[in-house]
Every structure is written in C-alpha cells, then in structure tokens.
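Trainee: My questions all concern the structure below.
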Amino acid sequence: MNTAATTRPLHRTDPVRPFTAGAYGLVLLGVGHLTLSAVAASAARTPRQSETDTAMRESTFTLLGLERAVLDLFHGMSVAMALFSVTCGLLILAALRHAPALVRQRTAFGWIALTASVAVLAISVLLLPPPPIVVLTLTSCAFALSLHRATPTAHPAS
C-alpha cells in the first residue's frame, strides 16, 4: 500500500456564485424593507403607536436652515437606506456581469463589499430587529466565502 501523499492543486470553486448571492441578499434586504414599511404604514395603528407618531411629528429640529420632524427623518432615512441597499446590490450584479475578474481575484471590490456588509450587520445586531440581522449574516458569509475562494492577487516583487 502506497501511503505517500500526492500533491494535487486544490480545486477552487468559482467565487462568483456566492458573491452573486451576497448581491441578491442586498437587493432582498432593500425590497423587503420597503415592502414591510408599506405594509406597516397601511396597517391599523395601536393607540401607543399613534402617540409615538404624534410625539415624533411634533418634535422638530432645524439643520442648515431646514426644519424637519423626527418622524420625517425616521421615514426618510429608512426609505433612503432601503433604496441604497437595492442600488448597491444591483450595481454589484452589473459589475459581476461585465467584469467577473473583480471577484475571481481578491480585489478591493470584494473586500469593500464584505466590509460594508459586516459593518451594517454590526449596526443591525445593535439596533435592528431580526430580519436584517439574518439577511446580512447570510450576505456577509457569502461575500466572505467568495473572497476565500478567490485567487490571491499577485503582488509585484519589490
């Protein structure tokens, strides 16, 4: 019996697939958020929710000459971030379609997506309910798996 170890190159699975899943996760996060926001806005409000809305509507602040209610800020930031999530996911998908080498090799493109996903996951763990935590955990894992599968970029000799 031959017990000598043979050296075979490790076969790396294509990193584009998990990166694509991560991008779709960002799209899902934004679309899901917008959908849940619309459903919540059309649902009947409890007396406590109505009191909170009134207090937020009556609490205003002025910044750079614009007066805004806290409720407007809350809804505006919520919708804006959801649209940014969808946009980022779609931009990543477009980039992958035209330049998959951005992901097949470990480039800043992959590291930026992973870093942003992990940062937003950390904020979600601290401040948000479970749905974004779950989606961003999966998205972060997908980007990390993609980077793990990617070919390290060669650095020129100094």
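By order of appearance in the structure tokens: chains A, B, ..., then residues from 1 within every chain, and ligands from 1 in the order shown.
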Extract, using only C-alpha atoms, all DNA, RNA and protein residues at most 9 Å from region 11-24 of chain A, discarding same-chain residues fewer than 6 positions from it, and format them as number ranges by chain.
Mentor: A: 86, 88-93, 96, 100-101, 103-105, 110, 113, 117, 136, 138-151
Trainee: Just C-alpha atoms for this one: save the residues we selected as a PDB file, in the first residue's frame.
Mentor:
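And here's again38.pdb as it stands now:
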```pdb
ATOM      1  CA  VAL A  86     -31.185  47.762  -3.610  1.00  0.00           C
ATOM      2  CA  CYS A  88     -25.715  48.580  -4.221  1.00  0.00           C
ATOM      3  CA  GLY A  89     -26.922  45.044  -4.882  1.00  0.00           C
ATOM      4  CA  LEU A  90     -27.858  45.892  -8.478  1.00  0.00           C
ATOM      5  CA  LEU A  91     -24.549  47.684  -9.077  1.00  0.00           C
ATOM      6  CA  ILE A  92     -22.647  44.649  -7.796  1.00  0.00           C
ATOM      7  CA  LEU A  93     -24.663  42.368 -10.103  1.00  0.00           C
ATOM      8  CA  LEU A  96     -20.143  40.962 -11.978  1.00  0.00           C
ATOM      9  CA  PRO A 100     -16.238  38.801 -13.120  1.00  0.00           C
ATOM     10  CA  ALA A 101     -12.460  39.048 -12.646  1.00  0.00           C
ATOM     11  CA  VAL A 103     -14.348  38.683  -7.826  1.00  0.00           C
ATOM     12  CA  ARG A 104     -12.335  35.797  -9.231  1.00  0.00           C
ATOM     13  CA  GLN A 105      -9.272  37.503  -7.826  1.00  0.00           C
ATOM     14  CA  GLY A 110     -14.654  42.089  -2.837  1.00  0.00           C
ATOM     15  CA  ALA A 113     -18.499  44.582  -0.249  1.00  0.00           C
ATOM     16  CA  SER A 117     -21.888  44.119   4.792  1.00  0.00           C
ATOM     17  CA  LEU A 136     -26.914  40.493   6.480  1.00  0.00           C
ATOM     18  CA  LEU A 138     -26.045  35.415   5.047  1.00  0.00           C
ATOM     19  CA  THR A 139     -24.820  38.238   2.820  1.00  0.00           C
ATOM     20  CA  SER A 140     -21.621  38.675   4.832  1.00  0.00           C
ATOM     21  CA  CYS A 141     -20.972  34.926   4.786  1.00  0.00           C
ATOM     22  CA  ALA A 142     -21.492  34.856   1.012  1.00  0.00           C
ATOM     23  CA  PHE A 143     -19.011  37.686   0.434  1.00  0.00           C
ATOM     24  CA  ALA A 144     -16.508  36.056   2.822  1.00  0.00           C
ATOM     25  CA  LEU A 145     -16.839  32.671   1.076  1.00  0.00           C
ATOM     26  CA  SER A 146     -16.297  34.357  -2.265  1.00  0.00           C
ATOM     27  CA  LEU A 147     -13.109  36.015  -1.025  1.00  0.00           C
ATOM     28  CA  HIS A 148     -11.943  32.693   0.412  1.00  0.00           C
ATOM     29  CA  ARG A 149     -12.460  31.012  -2.970  1.00  0.00           C
ATOM     30  CA  ALA A 150     -10.877  33.847  -4.960  1.00  0.00           C
ATOM     31  CA  THR A 151      -7.347  33.639  -6.280  1.00  0.00           C
TER      32      THR A 151
END
```
Trainee: So that I can check the surroundings of Leu34 (chain A), please list as a list in words every protein, DNA and RNA residue that reaches within 12 Å of it, counting only C-alpha atoms and ignoring chain neighbours fewer than 6 positions away.
Mentor: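 Listing them by chain and then by number gives Val27, Leu28, Ala40, Ala41, His75, Gly76, Met77, Ser78, Val79, Ala80, Met81, Ala82, Leu83, Phe84, Ser85 and Val86 of chain A.
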Trainee: Go ahead and compute the interatomic distance for CA of Ile133 (chain A) and CA of Gly32 (chain A), in Å to one decimal.
Mentor: 12.8 Å
Trainee: Can you list, as a short mmCIF file (atom, residue, chain, number, x, y, z; two decimals) with N, CA and C atoms, in the first residue's frame, all residues belonging to region 14-157 of chain A that DSSP tags as alpha helix (DSSP H)?
Mentor:
```cif
data_model
loop_
_atom_site.label_atom_id
_atom_site.label_comp_id
_atom_site.auth_asym_id
_atom_site.auth_seq_id
_atom_site.Cartn_x
_atom_site.Cartn_y
_atom_site.Cartn_z
N VAL A 16 -17.61 33.58 -7.96
CA VAL A 16 -18.65 34.50 -8.46
C VAL A 16 -20.02 34.12 -7.89
N ARG A 17 -20.26 32.83 -7.75
CA ARG A 17 -21.58 32.37 -7.30
C ARG A 17 -21.96 32.89 -5.91
N PRO A 18 -21.11 32.72 -4.88
CA PRO A 18 -21.51 33.27 -3.58
C PRO A 18 -21.55 34.80 -3.58
N PHE A 19 -20.70 35.44 -4.37
CA PHE A 19 -20.73 36.90 -4.43
C PHE A 19 -22.05 37.37 -5.02
N THR A 20 -22.53 36.64 -6.03
CA THR A 20 -23.83 36.95 -6.63
C THR A 20 -24.93 36.78 -5.59
N ALA A 21 -24.84 35.72 -4.79
CA ALA A 21 -25.83 35.51 -3.73
C ALA A 21 -25.80 36.66 -2.73
N GLY A 22 -24.60 37.14 -2.39
CA GLY A 22 -24.49 38.28 -1.49
C GLY A 22 -25.13 39.53 -2.07
N ALA A 23 -24.93 39.76 -3.36
CA ALA A 23 -25.53 40.92 -4.02
C ALA A 23 -27.06 40.82 -4.02
N TYR A 24 -27.57 39.62 -4.32
CA TYR A 24 -29.02 39.43 -4.27
C TYR A 24 -29.55 39.61 -2.85
N GLY A 25 -28.74 39.27 -1.85
CA GLY A 25 -29.13 39.50 -0.47
C GLY A 25 -29.35 40.97 -0.18
N LEU A 26 -28.47 41.82 -0.73
CA LEU A 26 -28.64 43.26 -0.55
C LEU A 26 -29.91 43.76 -1.23
N VAL A 27 -30.20 43.23 -2.41
CA VAL A 27 -31.43 43.61 -3.11
C VAL A 27 -32.64 43.16 -2.29
N LEU A 28 -32.60 41.91 -1.81
CA LEU A 28 -33.69 41.38 -1.00
C LEU A 28 -33.89 42.20 0.26
N LEU A 29 -32.81 42.59 0.90
CA LEU A 29 -32.89 43.40 2.12
C LEU A 29 -33.63 44.71 1.84
N GLY A 30 -33.26 45.40 0.78
CA GLY A 30 -33.90 46.68 0.45
C GLY A 30 -35.35 46.52 0.04
N VAL A 31 -35.63 45.56 -0.83
CA VAL A 31 -37.00 45.35 -1.30
C VAL A 31 -37.88 44.88 -0.13
N GLY A 32 -37.34 43.98 0.68
CA GLY A 32 -38.09 43.51 1.84
C GLY A 32 -38.40 44.64 2.80
N HIS A 33 -37.43 45.50 3.02
CA HIS A 33 -37.64 46.63 3.92
C HIS A 33 -38.72 47.57 3.38
N LEU A 34 -38.63 47.88 2.10
CA LEU A 34 -39.64 48.77 1.51
C LEU A 34 -41.03 48.14 1.58
N THR A 35 -41.11 46.84 1.33
CA THR A 35 -42.39 46.13 1.39
C THR A 35 -42.96 46.15 2.81
N LEU A 36 -42.12 45.80 3.79
CA LEU A 36 -42.60 45.81 5.18
C LEU A 36 -42.98 47.22 5.63
N SER A 37 -42.25 48.22 5.16
CA SER A 37 -42.60 49.61 5.50
C SER A 37 -43.96 49.98 4.95
N ALA A 38 -44.23 49.58 3.71
CA ALA A 38 -45.53 49.88 3.10
C ALA A 38 -46.66 49.16 3.83
N VAL A 39 -46.42 47.91 4.18
CA VAL A 39 -47.44 47.14 4.91
C VAL A 39 -47.69 47.77 6.28
N ALA A 40 -46.62 48.13 6.97
CA ALA A 40 -46.76 48.74 8.29
C ALA A 40 -47.47 50.09 8.21
N ALA A 41 -47.21 50.85 7.16
CA ALA A 41 -47.85 52.17 7.01
C ALA A 41 -49.34 52.04 6.76
N SER A 42 -49.75 50.95 6.13
CA SER A 42 -51.16 50.78 5.81
C SER A 42 -51.92 50.02 6.90
N PRO A 47 -53.09 52.55 19.83
CA PRO A 47 -53.04 53.87 20.49
C PRO A 47 -51.61 54.28 20.85
N ARG A 48 -50.81 53.34 21.31
CA ARG A 48 -49.43 53.67 21.68
C ARG A 48 -48.61 54.08 20.46
N GLN A 49 -48.81 53.39 19.34
CA GLN A 49 -48.11 53.76 18.11
C GLN A 49 -48.54 55.14 17.65
N SER A 50 -49.82 55.44 17.76
CA SER A 50 -50.32 56.77 17.37
C SER A 50 -49.72 57.86 18.25
N GLU A 51 -49.61 57.59 19.54
CA GLU A 51 -48.98 58.55 20.46
C GLU A 51 -47.52 58.79 20.08
N THR A 52 -46.82 57.71 19.76
CA THR A 52 -45.41 57.83 19.38
C THR A 52 -45.27 58.63 18.09
N ASP A 53 -46.13 58.33 17.11
CA ASP A 53 -46.09 59.09 15.85
C ASP A 53 -46.35 60.57 16.08
N THR A 54 -47.32 60.87 16.95
CA THR A 54 -47.64 62.27 17.24
C THR A 54 -46.44 62.96 17.90
N ALA A 55 -45.85 62.29 18.87
CA ALA A 55 -44.68 62.88 19.54
C ALA A 55 -43.54 63.10 18.55
N MET A 56 -43.30 62.17 17.65
CA MET A 56 -42.23 62.31 16.66
C MET A 56 -42.56 63.40 15.64
N ARG A 57 -43.84 63.53 15.30
CA ARG A 57 -44.26 64.57 14.35
C ARG A 57 -44.12 65.95 14.98
N GLU A 58 -44.39 66.05 16.28
CA GLU A 58 -44.32 67.34 16.97
C GLU A 58 -42.90 67.72 17.37
N VAL A 70 -38.99 64.72 13.52
CA VAL A 70 -38.26 63.48 13.77
C VAL A 70 -38.91 62.32 13.01
N LEU A 71 -40.23 62.32 12.91
CA LEU A 71 -40.93 61.27 12.17
C LEU A 71 -40.53 61.29 10.70
N ASP A 72 -40.42 62.48 10.12
CA ASP A 72 -39.99 62.59 8.72
C ASP A 72 -38.57 62.07 8.55
N LEU A 73 -37.70 62.42 9.48
CA LEU A 73 -36.32 61.94 9.43
C LEU A 73 -36.28 60.41 9.52
N PHE A 74 -37.05 59.86 10.42
CA PHE A 74 -37.12 58.41 10.61
C PHE A 74 -37.54 57.71 9.32
N HIS A 75 -38.64 58.17 8.73
CA HIS A 75 -39.14 57.55 7.50
C HIS A 75 -38.21 57.82 6.31
N GLY A 76 -37.69 59.04 6.23
CA GLY A 76 -36.80 59.39 5.12
C GLY A 76 -35.52 58.56 5.13
N MET A 77 -34.90 58.42 6.30
CA MET A 77 -33.67 57.62 6.39
C MET A 77 -33.97 56.15 6.09
N SER A 78 -35.09 55.68 6.55
CA SER A 78 -35.47 54.29 6.35
C SER A 78 -35.63 53.97 4.86
N VAL A 79 -36.37 54.79 4.16
CA VAL A 79 -36.59 54.57 2.73
C VAL A 79 -35.29 54.78 1.94
N ALA A 80 -34.53 55.81 2.29
CA ALA A 80 -33.27 56.08 1.58
C ALA A 80 -32.31 54.90 1.73
N MET A 81 -32.17 54.37 2.93
CA MET A 81 -31.25 53.24 3.14
C MET A 81 -31.71 51.99 2.41
N ALA A 82 -33.01 51.78 2.36
CA ALA A 82 -33.54 50.63 1.62
C ALA A 82 -33.23 50.77 0.13
N LEU A 83 -33.41 51.98 -0.41
CA LEU A 83 -33.10 52.20 -1.83
C LEU A 83 -31.60 52.06 -2.09
N PHE A 84 -30.76 52.51 -1.16
CA PHE A 84 -29.32 52.34 -1.32
C PHE A 84 -28.94 50.86 -1.29
N SER A 85 -29.60 50.08 -0.48
CA SER A 85 -29.32 48.65 -0.42
C SER A 85 -29.65 47.98 -1.76
N VAL A 86 -30.80 48.30 -2.30
CA VAL A 86 -31.18 47.76 -3.61
C VAL A 86 -30.19 48.21 -4.68
N THR A 87 -29.86 49.49 -4.67
CA THR A 87 -28.93 50.03 -5.67
C THR A 87 -27.57 49.37 -5.58
N CYS A 88 -27.03 49.23 -4.38
CA CYS A 88 -25.71 48.58 -4.22
C CYS A 88 -25.75 47.15 -4.74
N GLY A 89 -26.80 46.41 -4.39
CA GLY A 89 -26.92 45.04 -4.88
C GLY A 89 -26.97 44.99 -6.40
N LEU A 90 -27.75 45.88 -7.01
CA LEU A 90 -27.86 45.89 -8.48
C LEU A 90 -26.55 46.32 -9.13
N LEU A 91 -25.85 47.28 -8.53
CA LEU A 91 -24.55 47.68 -9.08
C LEU A 91 -23.53 46.54 -9.01
N ILE A 92 -23.54 45.80 -7.91
CA ILE A 92 -22.65 44.65 -7.80
C ILE A 92 -22.98 43.62 -8.87
N LEU A 93 -24.25 43.34 -9.07
CA LEU A 93 -24.66 42.37 -10.10
C LEU A 93 -24.24 42.84 -11.49
N ALA A 94 -24.39 44.13 -11.78
CA ALA A 94 -23.97 44.67 -13.08
C ALA A 94 -22.46 44.55 -13.25
N ALA A 95 -21.71 44.87 -12.20
CA ALA A 95 -20.25 44.76 -12.28
C ALA A 95 -19.83 43.31 -12.50
N LEU A 96 -20.48 42.38 -11.81
CA LEU A 96 -20.14 40.96 -11.98
C LEU A 96 -20.40 40.48 -13.40
N ARG A 97 -21.47 40.98 -13.97
CA ARG A 97 -21.81 40.57 -15.35
C ARG A 97 -20.73 41.03 -16.33
N HIS A 98 -20.23 42.23 -16.13
CA HIS A 98 -19.27 42.81 -17.08
C HIS A 98 -17.81 42.55 -16.73
N ALA A 101 -13.82 39.12 -13.19
CA ALA A 101 -12.46 39.05 -12.65
C ALA A 101 -12.33 39.88 -11.36
N LEU A 102 -13.22 40.85 -11.18
CA LEU A 102 -13.21 41.63 -9.94
C LEU A 102 -13.41 40.75 -8.72
N VAL A 103 -14.05 39.60 -8.93
CA VAL A 103 -14.35 38.68 -7.83
C VAL A 103 -13.51 37.41 -7.91
N ARG A 104 -13.14 37.02 -9.10
CA ARG A 104 -12.34 35.80 -9.23
C ARG A 104 -10.96 35.96 -8.61
N ALA A 108 -10.02 44.85 -4.21
CA ALA A 108 -10.69 45.78 -3.30
C ALA A 108 -12.21 45.70 -3.45
N PHE A 109 -12.67 45.36 -4.63
CA PHE A 109 -14.11 45.24 -4.88
C PHE A 109 -14.74 44.26 -3.89
N GLY A 110 -14.13 43.10 -3.76
CA GLY A 110 -14.65 42.09 -2.84
C GLY A 110 -14.52 42.49 -1.38
N TRP A 111 -13.37 43.07 -1.04
CA TRP A 111 -13.14 43.49 0.34
C TRP A 111 -14.09 44.60 0.75
N ILE A 112 -14.39 45.52 -0.14
CA ILE A 112 -15.30 46.63 0.17
C ILE A 112 -16.71 46.08 0.42
N ALA A 113 -17.16 45.17 -0.43
CA ALA A 113 -18.50 44.58 -0.25
C ALA A 113 -18.59 43.85 1.09
N LEU A 114 -17.57 43.07 1.42
CA LEU A 114 -17.57 42.34 2.68
C LEU A 114 -17.53 43.31 3.87
N THR A 115 -16.66 44.30 3.81
CA THR A 115 -16.53 45.25 4.91
C THR A 115 -17.84 46.01 5.14
N ALA A 116 -18.46 46.46 4.08
CA ALA A 116 -19.73 47.19 4.21
C ALA A 116 -20.82 46.28 4.78
N SER A 117 -20.88 45.05 4.31
CA SER A 117 -21.89 44.12 4.79
C SER A 117 -21.70 43.81 6.28
N VAL A 118 -20.47 43.58 6.69
CA VAL A 118 -20.19 43.29 8.11
C VAL A 118 -20.47 44.51 8.97
N ALA A 119 -20.12 45.70 8.50
CA ALA A 119 -20.38 46.92 9.27
C ALA A 119 -21.88 47.13 9.47
N VAL A 120 -22.66 46.95 8.42
CA VAL A 120 -24.11 47.13 8.54
C VAL A 120 -24.70 46.00 9.40
N LEU A 121 -24.12 44.80 9.32
CA LEU A 121 -24.56 43.71 10.19
C LEU A 121 -24.34 44.08 11.66
N ALA A 122 -23.18 44.64 11.97
CA ALA A 122 -22.89 45.02 13.36
C ALA A 122 -23.90 46.07 13.85
N ILE A 123 -24.21 47.04 13.03
CA ILE A 123 -25.20 48.06 13.39
C ILE A 123 -26.56 47.40 13.59
N SER A 124 -26.89 46.45 12.72
CA SER A 124 -28.18 45.75 12.82
C SER A 124 -28.29 44.95 14.10
N VAL A 125 -27.21 44.27 14.47
CA VAL A 125 -27.22 43.49 15.71
C VAL A 125 -27.48 44.40 16.90
N LEU A 126 -26.92 45.59 16.87
CA LEU A 126 -27.08 46.52 17.99
C LEU A 126 -28.44 47.23 18.01
N LEU A 127 -29.00 47.51 16.83
CA LEU A 127 -30.14 48.42 16.79
C LEU A 127 -31.40 47.93 16.06
N PRO A 130 -34.66 41.17 14.00
CA PRO A 130 -34.02 40.00 13.39
C PRO A 130 -33.95 39.94 11.86
N PRO A 131 -34.96 40.36 11.09
CA PRO A 131 -34.85 40.14 9.63
C PRO A 131 -33.57 40.70 8.99
N PRO A 132 -33.18 41.96 9.24
CA PRO A 132 -31.93 42.41 8.62
C PRO A 132 -30.70 41.70 9.18
N ILE A 133 -30.77 41.28 10.43
CA ILE A 133 -29.64 40.55 11.02
C ILE A 133 -29.44 39.23 10.28
N VAL A 134 -30.52 38.53 10.01
CA VAL A 134 -30.44 37.24 9.29
C VAL A 134 -29.93 37.45 7.87
N VAL A 135 -30.53 38.38 7.15
CA VAL A 135 -30.14 38.61 5.75
C VAL A 135 -28.69 39.07 5.67
N LEU A 136 -28.29 39.99 6.53
CA LEU A 136 -26.91 40.49 6.48
C LEU A 136 -25.89 39.46 6.95
N THR A 137 -26.28 38.55 7.82
CA THR A 137 -25.39 37.45 8.20
C THR A 137 -25.13 36.58 6.98
N LEU A 138 -26.19 36.24 6.26
CA LEU A 138 -26.04 35.41 5.05
C LEU A 138 -25.25 36.16 3.98
N THR A 139 -25.52 37.43 3.81
CA THR A 139 -24.82 38.24 2.82
C THR A 139 -23.33 38.33 3.16
N SER A 140 -23.02 38.59 4.41
CA SER A 140 -21.62 38.68 4.83
C SER A 140 -20.90 37.34 4.64
N CYS A 141 -21.57 36.25 4.98
CA CYS A 141 -20.97 34.93 4.79
C CYS A 141 -20.73 34.65 3.30
N ALA A 142 -21.65 35.06 2.46
CA ALA A 142 -21.49 34.86 1.01
C ALA A 142 -20.29 35.64 0.48
N PHE A 143 -20.16 36.89 0.89
CA PHE A 143 -19.01 37.69 0.43
C PHE A 143 -17.70 37.10 0.98
N ALA A 144 -17.72 36.65 2.23
CA ALA A 144 -16.51 36.06 2.82
C ALA A 144 -16.13 34.76 2.11
N LEU A 145 -17.11 33.92 1.80
CA LEU A 145 -16.84 32.67 1.08
C LEU A 145 -16.27 32.97 -0.30
N SER A 146 -16.80 33.97 -0.95
CA SER A 146 -16.30 34.36 -2.26
C SER A 146 -14.83 34.77 -2.18
N LEU A 147 -14.51 35.59 -1.19
CA LEU A 147 -13.11 36.02 -1.02
C LEU A 147 -12.20 34.83 -0.69
N HIS A 148 -12.72 33.89 0.09
CA HIS A 148 -11.94 32.69 0.41
C HIS A 148 -11.65 31.88 -0.85
N ARG A 149 -12.62 31.79 -1.73
CA ARG A 149 -12.46 31.01 -2.97
C ARG A 149 -11.64 31.74 -4.03
#
```
Trainee: Work out how far CA of Pro152 (chain A) is from CA of Arg106 (chain A), in Å to one decimal.
Mentor: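 Result for CA of Arg106 (chain A) versus CA of Pro152 (chain A): 5.3 Å, one decimal.
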Trainee: Go ahead and compute the interatomic distance for CA of Pro129 (chain A) and CA of Thr62 (chain A), in Å to one decimal.
Mentor: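 We find that CA of Pro129 (chain A) and CA of Thr62 (chain A) lie 29.3 Å from each other.
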